[in-house]
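To start, the structure itself, in structure tokens.
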Amino acid sequence: MCIRDSYREVNVAAQHDHPKSLSSYYRKLIGIRNITPALQMGTFRLVSTDVPDHVLAYVRETKSQRVLVVGNFSDRDQLVRIPIGEVHSAEGVQGLFGSEAILEAQNGELTVSLPAKILEAFLLGEARKQ
């Protein structure tokens, strides 16, 4: 096995306490998943957006919780519109990953402002009653 010369600086131990490291990012994601039932066992439903070539949006939902996940896979910031009917509610919105993404409800749709190459999940209000 080939070992690179940079192994002393580029390794898990070196990344462990660095808040911007890939290791820290994945620990944060796993922690959020562990306390969010919809991300663990919720149903999965793709959601339509007005930027289908660069943005993926989906909802994970349990009987008591709904999470909207939106990812921008382009090199540019995106303003994404999602019909509110697709996610049923915009009340009680809370971002889970702490990114700079912003979610607003206006004129019958959700508007998500997403920086380039970012993924954000929004904890929406209670899941709809079935």
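Chain labels run A, B, ... following the order of the structure tokens; each chain numbers its residues from 1, and ligands are numbered from 1 in the order shown.
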
Residues flagged helix (DSSP H, G or I) by DSSP in chain A, as number ranges by chain: A: 5-8, 12-15, 22-34, 37-41, 84-87

Write the residues you've just listed into a file as a CSV table (one decimal), in the first residue's frame, and include N, CA, C and O atoms for each of them.
```
chain,number,residue,atom,x,y,z
A,5,ASP,N,3.1,11.3,1.5
A,5,ASP,CA,4.0,12.0,2.4
A,5,ASP,C,3.2,12.9,3.3
A,5,ASP,O,3.7,13.3,4.4
A,6,SER,N,2.0,13.3,2.9
A,6,SER,CA,1.2,14.2,3.7
A,6,SER,C,0.3,13.5,4.8
A,6,SER,O,-0.5,14.2,5.5
A,7,TYR,N,0.6,12.2,5.1
A,7,TYR,CA,-0.2,11.5,6.0
A,7,TYR,C,-0.2,12.1,7.4
A,7,TYR,O,-1.2,11.9,8.2
A,8,ARG,N,0.8,12.8,7.8
A,8,ARG,CA,0.8,13.4,9.1
A,8,ARG,C,-0.2,14.6,9.3
A,8,ARG,O,-0.7,14.8,10.3
A,12,VAL,N,-7.6,11.3,9.8
A,12,VAL,CA,-8.8,11.5,10.7
A,12,VAL,C,-8.5,12.2,12.0
A,12,VAL,O,-9.2,13.1,12.4
A,13,ALA,N,-7.4,11.9,12.6
A,13,ALA,CA,-7.0,12.5,13.9
A,13,ALA,C,-6.8,14.0,13.7
A,13,ALA,O,-7.3,14.8,14.5
A,14,ALA,N,-6.2,14.4,12.6
A,14,ALA,CA,-6.0,15.8,12.3
A,14,ALA,C,-7.3,16.5,12.0
A,14,ALA,O,-7.5,17.7,12.4
A,15,GLN,N,-8.3,15.8,11.4
A,15,GLN,CA,-9.5,16.5,11.1
A,15,GLN,C,-10.5,16.4,12.2
A,15,GLN,O,-11.5,17.2,12.2
A,22,LEU,N,-14.2,17.3,6.6
A,22,LEU,CA,-15.2,16.3,6.2
A,22,LEU,C,-15.6,15.4,7.3
A,22,LEU,O,-16.8,15.1,7.4
A,23,SER,N,-14.7,15.1,8.2
A,23,SER,CA,-15.0,14.2,9.3
A,23,SER,C,-16.0,14.9,10.2
A,23,SER,O,-17.0,14.3,10.6
A,24,SER,N,-15.8,16.2,10.5
A,24,SER,CA,-16.7,16.9,11.4
A,24,SER,C,-18.1,17.1,10.7
A,24,SER,O,-19.1,16.9,11.4
A,25,TYR,N,-18.1,17.3,9.4
A,25,TYR,CA,-19.3,17.4,8.6
A,25,TYR,C,-20.2,16.1,8.7
A,25,TYR,O,-21.4,16.2,9.0
A,26,TYR,N,-19.5,15.0,8.5
A,26,TYR,CA,-20.3,13.7,8.6
A,26,TYR,C,-20.7,13.4,10.0
A,26,TYR,O,-21.8,12.8,10.2
A,27,ARG,N,-19.9,13.7,11.0
A,27,ARG,CA,-20.4,13.5,12.4
A,27,ARG,C,-21.6,14.3,12.7
A,27,ARG,O,-22.5,13.9,13.3
A,28,LYS,N,-21.6,15.6,12.2
A,28,LYS,CA,-22.8,16.4,12.4
A,28,LYS,C,-24.0,15.8,11.7
A,28,LYS,O,-25.1,15.8,12.2
A,29,LEU,N,-23.9,15.4,10.4
A,29,LEU,CA,-25.0,14.8,9.7
A,29,LEU,C,-25.5,13.5,10.4
A,29,LEU,O,-26.7,13.4,10.5
A,30,ILE,N,-24.6,12.7,10.9
A,30,ILE,CA,-25.0,11.5,11.6
A,30,ILE,C,-25.8,11.8,12.8
A,30,ILE,O,-26.8,11.2,13.2
A,31,GLY,N,-25.3,12.9,13.6
A,31,GLY,CA,-26.0,13.3,14.8
A,31,GLY,C,-27.4,13.8,14.5
A,31,GLY,O,-28.3,13.5,15.2
A,32,ILE,N,-27.5,14.6,13.5
A,32,ILE,CA,-28.8,15.1,13.1
A,32,ILE,C,-29.8,14.0,12.7
A,32,ILE,O,-30.9,13.9,13.1
A,33,ARG,N,-29.3,13.0,11.9
A,33,ARG,CA,-30.1,11.9,11.5
A,33,ARG,C,-30.5,11.1,12.7
A,33,ARG,O,-31.7,10.6,12.8
A,34,ASN,N,-29.6,10.9,13.7
A,34,ASN,CA,-30.0,10.1,14.9
A,34,ASN,C,-31.1,10.7,15.7
A,34,ASN,O,-31.7,10.0,16.5
A,37,PRO,N,-36.4,11.5,13.5
A,37,PRO,CA,-37.1,10.3,13.0
A,37,PRO,C,-37.4,10.2,11.5
A,37,PRO,O,-37.3,9.2,10.9
A,38,ALA,N,-37.8,11.4,11.0
A,38,ALA,CA,-38.2,11.4,9.5
A,38,ALA,C,-37.0,11.0,8.6
A,38,ALA,O,-37.2,10.4,7.6
A,39,LEU,N,-35.8,11.4,9.1
A,39,LEU,CA,-34.6,11.1,8.3
A,39,LEU,C,-34.2,9.6,8.5
A,39,LEU,O,-33.5,9.1,7.6
A,40,GLN,N,-34.6,9.0,9.5
A,40,GLN,CA,-34.3,7.6,9.8
A,40,GLN,C,-35.2,6.6,9.1
A,40,GLN,O,-34.8,5.7,8.5
A,41,MET,N,-36.5,6.9,9.2
A,41,MET,CA,-37.5,5.9,8.8
A,41,MET,C,-38.7,6.5,8.0
A,41,MET,O,-39.7,5.8,7.8
A,84,ILE,N,-46.2,25.1,-2.4
A,84,ILE,CA,-46.4,24.7,-1.0
A,84,ILE,C,-47.2,23.5,-0.9
A,84,ILE,O,-47.0,22.6,0.0
A,85,GLY,N,-48.1,23.3,-1.9
A,85,GLY,CA,-48.9,22.0,-1.9
A,85,GLY,C,-48.0,20.8,-1.9
A,85,GLY,O,-48.4,19.7,-1.5
A,86,GLU,N,-46.8,20.9,-2.5
A,86,GLU,CA,-45.9,19.8,-2.5
A,86,GLU,C,-45.4,19.4,-1.1
A,86,GLU,O,-45.1,18.2,-0.9
A,87,VAL,N,-45.3,20.3,-0.2
A,87,VAL,CA,-44.8,20.0,1.1
A,87,VAL,C,-45.8,20.3,2.2
A,87,VAL,O,-45.6,20.0,3.4
```

Spatial neighbours of Val55 of chain A, max dist 10 Å, only C-alpha atoms, sep filter under 6 positions, as an MDAnalysis selection string: chainID A and resid 48:49 70:74 78:80 114 117:119

Test item, strand (DSSP E or B) assignment across chain A, answer as number ranges by chain: A: 43-46, 55-61, 66-72, 78-83, 94-95, 102-106, 109-114, 118-123

Within 6 Å of Arg81 of chain A using only C-alpha atoms, minus same-chain residues under 4 positions, as number ranges by chain: A: 49-50, 110-111

For atom CA of Val67 of chain A and atom CA of Gly95 of chain A, the interatomic separation in Å (one decimal): 9.5 Å

Counting only C-alpha atoms, the residue of A:Val69, A:Asp75, A:Lys63, A:Glu104 that sits nearest Arg45 of chain A: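 Of A:Val69, A:Asp75, A:Lys63, A:Glu104, the one nearest Arg45 of chain A is A:Val69, counting only C-alpha atoms.
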
Closest of A:Ser21, A:Gly42, A:Ile82, A:Ile35 to Ala57 of chain A - atom-to-atom distances counting only C-alpha atoms: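 Checking each of A:Ser21, A:Gly42, A:Ile82, A:Ile35 against Ala57 of chain A, counting only C-alpha atoms, the winner is A:Ile82.
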
Separation of atom CA of Leu96 of chain A from atom CA of Pro83 of chain A in Å: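 Pair atom CA of Pro83 of chain A / atom CA of Leu96 of chain A returns 21.0 Å.
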
Nearest candidate to Pro115 of chain A (options A:Leu46, A:His54, A:Asp17, A:Thr62; using only C-alpha atoms):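 Counting only C-alpha atoms, the residue closest to Pro115 of chain A is A:His54.
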